[in-house]
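Participant: Pasting run31.txt here (compact mmCIF, C-alpha atoms):
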```
# COMPACT_ATOMS: atom_id res chain seq x y z
CA MET O 19 17.25 18.33 15.63
CA GLU O 20 15.04 20.73 17.51
CA LYS O 21 12.15 18.86 19.09
CA PHE O 22 9.14 20.02 21.08
CA LEU O 23 6.05 18.57 22.67
CA ASP O 24 2.90 20.37 21.57
CA VAL O 25 0.95 20.54 24.81
CA PRO O 26 -2.74 21.50 25.04
CA VAL O 27 -3.17 23.95 27.91
CA TYR O 28 -6.79 24.22 29.02
CA ASP O 29 -8.11 27.76 28.99
CA ASN O 30 -8.68 29.73 32.15
CA VAL O 31 -12.38 30.60 32.05
CA VAL O 32 -12.78 32.63 35.24
CA SER O 33 -10.98 33.27 38.50
CA GLY O 34 -12.02 34.80 41.76
CA THR O 35 -12.25 34.48 45.51
CA ALA O 36 -14.93 32.36 47.13
CA VAL O 37 -17.48 33.85 49.47
CA THR O 38 -19.39 31.98 52.16
CA PRO O 39 -21.18 29.11 50.39
CA VAL O 40 -24.92 29.43 50.00
CA GLY O 41 -27.25 26.49 50.60
CA SER O 42 -26.03 23.29 48.96
CA ALA O 43 -23.35 25.06 46.91
CA ASP O 44 -19.71 23.97 47.20
CA LEU O 45 -18.40 27.16 45.62
CA THR O 46 -20.11 30.51 45.76
CA ASP O 47 -19.14 33.86 44.32
CA THR O 48 -21.00 36.94 43.17
CA GLY O 49 -21.69 38.94 40.02
CA ASN O 50 -22.77 35.99 37.86
CA ILE O 51 -19.11 35.07 37.59
CA PHE O 52 -19.90 31.47 36.71
CA ALA O 53 -21.90 32.33 33.60
CA PRO O 54 -19.24 30.91 31.24
CA VAL O 55 -18.58 27.83 33.40
CA ALA O 56 -19.79 24.40 32.29
CA VAL O 57 -20.26 21.08 34.05
CA GLY O 58 -16.99 19.16 33.93
CA ASP O 59 -14.78 22.24 34.04
CA ILE O 60 -11.70 22.14 36.24
CA VAL O 61 -11.56 24.08 39.50
CA HIS O 62 -8.15 24.75 41.02
CA ALA O 63 -8.46 26.00 44.58
CA ALA O 64 -5.17 27.83 44.72
CA SER O 65 -5.07 28.64 48.41
CA SER O 66 -5.31 24.98 49.40
CA ASN O 67 -3.86 23.68 46.10
CA LYS O 68 -6.66 21.20 45.57
CA TYR O 69 -8.50 20.23 42.41
CA PHE O 70 -12.19 19.69 41.71
CA LEU O 71 -14.54 19.21 38.79
CA VAL O 72 -17.75 21.16 38.40
CA ALA O 73 -20.50 18.64 39.18
CA SER O 74 -23.44 20.97 38.60
CA LYS O 75 -24.26 24.59 38.13
CA ILE O 76 -26.98 25.68 40.53
CA ASP O 77 -26.93 29.17 39.03
CA ASN O 78 -24.33 31.68 37.83
CA ASN O 79 -23.12 32.30 41.39
CA ASN O 80 -23.21 28.77 42.83
CA LEU O 81 -21.57 25.49 41.85
CA THR O 82 -21.39 22.00 43.27
CA LEU O 83 -18.03 20.26 42.98
CA THR O 84 -16.46 16.82 42.96
CA ALA O 85 -13.10 16.60 44.71
CA LEU O 86 -10.26 15.00 42.74
CA ASP O 87 -7.53 14.88 45.36
CA GLY O 88 -9.17 14.92 48.74
CA GLY O 89 -10.02 18.60 48.91
CA THR O 90 -12.65 19.69 51.39
CA ILE O 91 -15.98 20.94 50.12
CA PRO O 92 -17.57 23.39 50.33
CA LEU O 93 -14.74 25.81 49.63
CA THR O 94 -14.51 28.33 52.42
CA ALA O 95 -14.74 32.09 52.05
CA GLY O 96 -11.45 33.60 50.95
CA GLU O 97 -10.31 30.61 48.89
CA VAL O 98 -8.78 31.84 45.63
CA PHE O 99 -9.92 29.74 42.70
CA TYR O 100 -9.23 29.37 39.00
CA ILE O 101 -11.66 27.58 36.71
CA HIS O 102 -10.36 26.05 33.49
CA SER O 103 -12.35 24.76 30.56
CA ALA O 104 -12.60 20.99 30.25
CA THR O 105 -12.72 21.24 26.47
CA ALA O 106 -11.14 24.46 25.15
CA SER O 107 -7.37 24.63 25.01
CA ASN O 108 -4.43 26.35 23.34
CA LYS O 109 -1.30 24.56 22.26
CA GLN O 110 2.03 25.56 23.78
CA ILE O 111 5.26 24.02 22.61
CA VAL O 112 7.73 22.78 25.22
CA SER O 113 11.33 21.95 24.38
CA ILE O 114 12.55 18.39 24.87
CA GLU O 115 16.08 19.16 23.79
CA ASN O 116 18.91 18.80 26.26
CA VAL O 117 16.63 17.34 28.92
CA LYS O 118 18.43 16.05 31.99
CA LEU O 119 15.56 14.75 34.08
CA ILE O 120 11.78 14.58 34.16
CA GLU O 121 10.22 14.33 37.60
CA GLN O 122 6.79 13.99 39.16
CA ALA O 123 7.42 16.86 41.52
CA SER O 124 4.00 16.67 43.17
CA THR O 125 0.67 15.10 42.37
CA SER O 126 -0.20 18.11 40.19
CA THR O 127 3.17 19.21 38.82
CA THR O 128 5.70 17.58 36.53
CA THR O 129 9.05 19.22 35.95
CA ILE O 130 11.45 19.01 33.03
CA THR O 131 14.98 19.97 33.99
CA PHE O 132 17.40 21.06 31.28
CA ASP O 133 21.13 21.53 31.15
CA ALA O 134 20.89 25.33 31.23
CA PRO O 135 21.55 28.25 33.57
CA SER O 136 19.56 27.87 36.76
CA SER O 137 17.27 30.79 35.94
CA VAL O 138 15.77 28.94 32.98
CA ASP O 139 16.51 25.28 33.56
CA ILE O 140 13.15 23.98 34.80
CA ILE O 141 9.84 23.89 32.97
CA THR O 142 6.88 23.07 35.18
CA LEU O 143 3.69 21.54 33.83
CA THR O 144 0.74 22.06 36.18
CA HIS O 145 -1.93 19.45 35.59
CA LEU O 146 -4.88 17.57 37.06
CA PRO O 147 -3.63 15.48 39.96
CA VAL O 148 -2.32 11.97 39.62
CA PRO O 149 -3.10 9.58 42.49
CA SER O 150 -0.83 9.91 45.50
CA GLY O 151 2.40 8.01 44.87
CA SER O 152 1.76 7.73 41.15
CA GLU O 153 4.23 9.04 38.60
CA ALA O 154 1.77 8.70 35.76
CA MET O 155 2.27 12.15 34.30
CA ARG O 156 6.05 11.86 34.45
CA ASP O 157 5.73 8.59 32.56
CA LYS O 158 3.49 10.22 29.95
CA VAL O 159 6.02 13.01 29.34
CA GLN O 160 8.91 10.56 29.21
CA ASP O 161 7.08 8.31 26.76
CA ALA O 162 6.10 11.28 24.58
CA MET O 163 9.69 12.48 24.51
CA ASP O 164 10.92 9.04 23.51
CA ALA O 165 8.33 8.84 20.75
CA ALA O 166 9.12 12.33 19.47
CA TYR O 167 12.81 11.61 19.11
CA ILE O 168 12.31 8.62 16.87
CA THR O 169 10.22 10.60 14.39
CA ASN O 170 11.59 12.26 11.27
CA TRP O 171 13.48 15.54 11.81
CA GLU O 172 10.69 17.42 10.04
CA ASN O 173 8.30 16.47 12.86
CA VAL O 174 9.40 19.35 15.02
CA ALA O 175 6.45 19.44 17.41
CA SER O 176 4.80 16.20 18.49
CA GLU O 177 1.28 16.32 19.86
CA PHE O 178 1.18 15.45 23.54
CA ASP O 179 -1.98 13.89 24.90
CA ALA O 180 -1.83 14.30 28.66
CA ARG O 181 -5.37 13.14 29.33
CA PRO O 182 -6.69 12.40 31.87
CA TYR O 183 -4.12 14.71 33.49
CA LYS O 184 -5.03 17.85 31.58
CA VAL O 185 -2.44 20.60 31.71
CA ILE O 186 -3.67 23.98 32.99
CA GLY O 187 -0.40 25.91 33.04
CA ILE O 188 3.23 25.87 31.89
CA SER O 189 6.01 28.00 33.32
CA ILE O 190 9.80 28.24 33.18
CA ALA O 191 12.20 29.23 35.90
CA MET K 7 21.19 24.02 11.53
CA THR K 8 20.99 27.68 12.40
CA LYS K 9 17.52 29.13 11.90
CA PHE K 10 15.95 32.55 12.36
CA LEU K 11 12.57 34.22 12.12
CA SER K 12 12.64 37.42 10.08
CA ILE K 13 10.12 39.60 11.87
CA PRO K 14 8.92 42.96 10.52
CA VAL K 15 9.33 45.69 13.13
CA THR K 16 7.53 48.97 12.67
CA SER K 17 9.90 51.59 11.23
CA GLU K 18 12.89 49.28 11.68
CA GLY K 19 12.63 46.86 8.78
CA ASN K 20 13.04 43.17 9.51
CA GLN K 21 14.92 41.77 12.47
CA LEU K 22 16.19 38.21 12.85
CA VAL K 23 15.24 36.24 15.95
CA SER K 24 16.91 32.90 16.64
CA CYS K 25 14.83 29.70 16.49
CA ASN K 26 17.56 27.53 17.99
CA ASP K 27 17.61 26.22 21.54
CA ILE K 28 14.21 27.67 22.45
CA LYS K 29 12.86 26.22 25.68
CA LEU K 30 9.51 27.97 25.95
CA ILE K 31 7.50 30.71 24.27
CA GLU K 32 5.03 32.58 26.45
CA GLN K 33 2.52 35.37 26.08
CA GLY K 34 4.16 37.57 28.70
CA SER K 35 1.39 40.16 28.66
CA THR K 36 -1.15 41.53 26.22
CA THR K 37 1.71 43.39 24.49
CA THR K 38 4.68 41.05 24.82
CA VAL K 39 5.76 37.59 23.75
CA VAL K 40 8.73 36.14 25.60
CA ILE K 41 11.07 33.56 24.10
CA THR K 42 13.29 31.79 26.64
CA TYR K 43 16.45 30.05 25.39
CA GLY K 44 18.48 27.28 26.92
CA GLY K 45 21.48 29.53 27.13
CA GLY K 46 19.67 31.76 29.57
CA LYS K 47 18.84 34.59 27.20
CA VAL K 48 15.32 35.94 26.93
CA THR K 49 14.04 37.70 23.82
CA THR K 50 11.01 39.93 24.26
CA ILE K 51 8.87 40.85 21.29
CA THR K 52 6.74 43.92 21.97
CA HIS K 53 3.60 44.29 19.90
CA ALA K 54 0.29 46.14 19.62
CA ALA K 55 -2.15 45.00 22.27
CA SER K 56 -3.99 41.72 21.96
CA SER K 57 -7.26 41.30 23.78
CA ALA K 58 -7.03 40.13 27.39
CA GLY K 59 -6.56 36.39 27.65
CA SER K 60 -5.59 36.03 24.00
CA GLU K 61 -2.40 34.19 23.15
CA GLU K 62 -2.65 34.91 19.44
CA MET K 63 0.84 36.36 19.14
CA ARG K 64 2.44 33.49 21.06
CA ASP K 65 0.62 31.06 18.80
CA ALA K 66 1.76 32.91 15.68
CA ILE K 67 5.39 32.93 16.81
CA GLN K 68 5.21 29.25 17.79
CA ASN K 69 3.78 28.32 14.41
CA ALA K 70 6.49 30.31 12.65
CA VAL K 71 9.23 28.62 14.68
CA ILE K 72 7.87 25.17 13.85
CA SER K 73 7.54 26.03 10.15
CA ASN K 74 11.06 27.36 10.04
CA LEU K 75 12.56 24.32 11.75
CA GLN K 76 10.77 22.08 9.26
CA GLN K 77 12.48 23.78 6.32
CA SER K 78 15.57 22.62 4.52
CA TRP K 79 18.86 23.70 6.06
CA VAL K 80 19.48 26.13 3.19
CA ASN K 81 16.41 28.15 4.26
CA VAL K 82 18.04 29.93 7.15
CA SER K 83 15.44 32.59 7.84
CA LEU K 84 11.67 32.52 7.54
CA GLN K 85 9.87 35.72 6.63
CA VAL K 86 7.10 36.06 9.21
CA GLU K 87 3.99 37.47 7.61
CA GLY K 88 0.44 38.02 8.73
CA LEU K 89 1.14 38.45 12.42
CA PRO K 90 -2.11 39.31 14.20
CA GLN K 91 -0.50 42.39 15.80
CA ALA K 92 2.23 44.75 14.61
CA VAL K 93 5.61 44.35 16.29
CA SER K 94 7.10 47.58 17.63
CA GLY K 95 10.31 46.31 19.16
CA ILE K 96 12.50 43.30 19.89
CA ALA K 97 14.98 43.12 22.74
CA VAL K 98 17.21 40.50 24.31
CA ALA K 99 18.37 40.28 27.89
```
Once you've parsed the file, please lay out its structure as structure tokens.
Facilitator:
Amino acid sequence: MEKFLDVPVYDNVVSGTAVTPVGSADLTDTGNIFAPVAVGDIVHAASSNKYFLVASKIDNNNLTLTALDGGTIPLTAGEVFYIHSATASNKQIVSIENVKLIEQASTSTTTITFDAPSSVDIITLTHLPVPSGSEAMRDKVQDAMDAAYITNWENVASEFDARPYKVIGISIA
Amino acid sequence: MTKFLSIPVTSEGNQLVSCNDIKLIEQGSTTTVVITYGGGKVTTITHAASSAGSEEMRDAIQNAVISNLQQSWVNVSLQVEGLPQAVSGIAVA
């Protein structure tokens, strides 16, 4: 029986590099880059690996943010950021066959390790952070895998609801 | 149950791509979809360009894999039709 989790991956809306914040803004860039951004969207500050939500949109170059995992605001000039939609997503299927271990690798990553050659034996789900010390996302993946395996063989891909820990990226290595 | 997608490749007829032991399917670029298998092999499907940010070909391949795996064991290969972009080559490494 081939089984997968069908994981919603929230769309990357824009990415860029912060400039010196203006006025009350927590994140500033140029060129009306934030035109497609909406309140509630997910900001991943990649340089510091911290997560925020868009609290308000001052204009198309300036946002205010709410920190999710202790990140410092405003974001300083040079911080590389990725903004993901809070609502729009694409489904990506992730194998749950031959799984050896699921781990909460960090607050914002959960790994699925397979019995496979080392070059392709770990899938990493990058997601909104769980509280420090929590293994909530690991538990969600484990529970979803359990549930998927007791369904009929024709249910090849089981929907995976990761909320509130929305997934923003999936990779294999 | 051994299962394959039968994918039309421009000027090459149809080519079978395994649906078994897939770990992840990714839109590798605007012109490639990458299928990674548990055995360590990687199949790359090269296609006409999708728009930047689109994962339409990955989605189409994923949907075809799921449909194929839901079929009876006697339906070994699934003819993949209506792909959003034409496939120009398939390679494994």
Participant: At a cut-off of 8 Å from (18.5, 20.5, 35.2) in the coordinates of the file, what residues are picked up using all atoms listed in the file, written as an MDAnalysis selection string?
Facilitator: chainID O and resid 117:119 130:134 136 139:140
Participant: What is the CA of Thr42 in chain K to CA of Thr142 in chain O distance in Å?
Facilitator: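 Between CA of Thr42 in chain K and CA of Thr142 in chain O the gap is 13.8 Å.
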Participant: Per residue of chain O within 7 Å of chain K, what are the shortest atom pair and its distance in Å to one decimal, counting only C-alpha atoms, with rows by chain and residue number, as a tab-separated table?
Facilitator:
```
residue	atom	partner	partner_atom	distance
O:Ile111	CA	K:Leu30	CA	6.7
O:Val112	CA	K:Leu30	CA	5.5
O:Ser113	CA	K:Lys29	CA	4.7
O:Ala134	CA	K:Gly44	CA	5.3
O:Pro135	CA	K:Gly46	CA	5.6
O:Ser137	CA	K:Gly46	CA	6.9
O:Val138	CA	K:Gly46	CA	5.9
O:Glu172	CA	K:Gln76	CA	4.7
O:Val174	CA	K:Ile72	CA	6.1
O:Ala175	CA	K:Ile72	CA	6.9
```
Participant: Can I get the selection written as an mmCIF file, keeping the file's coordinate frame, with C-alpha atoms?
Facilitator:
```cif
data_model
loop_
_atom_site.group_PDB
_atom_site.id
_atom_site.type_symbol
_atom_site.label_atom_id
_atom_site.label_comp_id
_atom_site.auth_asym_id
_atom_site.auth_seq_id
_atom_site.Cartn_x
_atom_site.Cartn_y
_atom_site.Cartn_z
ATOM 1 C CA ILE O 111 5.260 24.020 22.610
ATOM 2 C CA VAL O 112 7.730 22.780 25.220
ATOM 3 C CA SER O 113 11.330 21.950 24.380
ATOM 4 C CA ALA O 134 20.890 25.330 31.230
ATOM 5 C CA PRO O 135 21.550 28.250 33.570
ATOM 6 C CA SER O 137 17.270 30.790 35.940
ATOM 7 C CA VAL O 138 15.770 28.940 32.980
ATOM 8 C CA GLU O 172 10.690 17.420 10.040
ATOM 9 C CA VAL O 174 9.400 19.350 15.020
ATOM 10 C CA ALA O 175 6.450 19.440 17.410
#
```
Participant: Would you compute the distance between CA of Asn20 in chain K and CA of Gln33 in chain K? Give it in Å to one decimal.
Facilitator: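 So the answer is 21.1 Å.
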Participant: Restricting the calculation to all atoms listed in the file: of O:Val31, O:Ile168, O:Ala123, O:Ile101, which residue gets closest to Ala154 in chain O?
Facilitator: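 Smallest separation from Ala154 in chain O among the options: O:Ala123.
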Participant: Give me the range 41-70 of chain O side of the contact with range 82-93 of chain O, cut-off 10 Å, one line per residue showing its nearest atom pair and distance in Å at one decimal, counting all atoms listed in the file, sorted by chain and residue number, as CSV.
Facilitator:
```
residue,atom,partner,partner_atom,distance
O:Ser42,CA,O:Thr82,CA,7.5
O:Ala43,CA,O:Thr82,CA,5.1
O:Asp44,CA,O:Pro92,CA,3.8
O:Leu45,CA,O:Leu93,CA,5.6
O:Thr46,CA,O:Leu93,CA,8.1
O:Val57,CA,O:Leu83,CA,9.2
O:Gly58,CA,O:Leu83,CA,9.2
O:Asp59,CA,O:Leu83,CA,9.7
O:Ile60,CA,O:Leu83,CA,9.4
O:Val61,CA,O:Leu83,CA,8.3
O:Ala63,CA,O:Leu93,CA,8.1
O:Ser66,CA,O:Gly89,CA,7.9
O:Asn67,CA,O:Gly89,CA,8.5
O:Lys68,CA,O:Gly89,CA,5.4
O:Tyr69,CA,O:Leu86,CA,5.5
O:Phe70,CA,O:Ala85,CA,4.4
```
Participant: Skip Ser189 in chain O itself and residues of its chain fewer than 2 positions away, then list as number ranges by chain all residues within 8 Å of it, counting only C-alpha atoms.
Facilitator: O: 141-143, 187, 191
Participant: Suppose you want the space between CA of Ile13 in chain K and CA of Ile114 in chain O; what is it in Å?
Facilitator: 25.0 Å
Participant: From the options K:Gly95, K:Pro14, K:Gly34, K:Gly19, which residue's atoms come nearest to Ile190 in chain O, counting all atoms listed in the file?
Facilitator: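 When distances to Ile190 in chain O are compared using all atoms listed in the file, the smallest one comes from K:Gly34.
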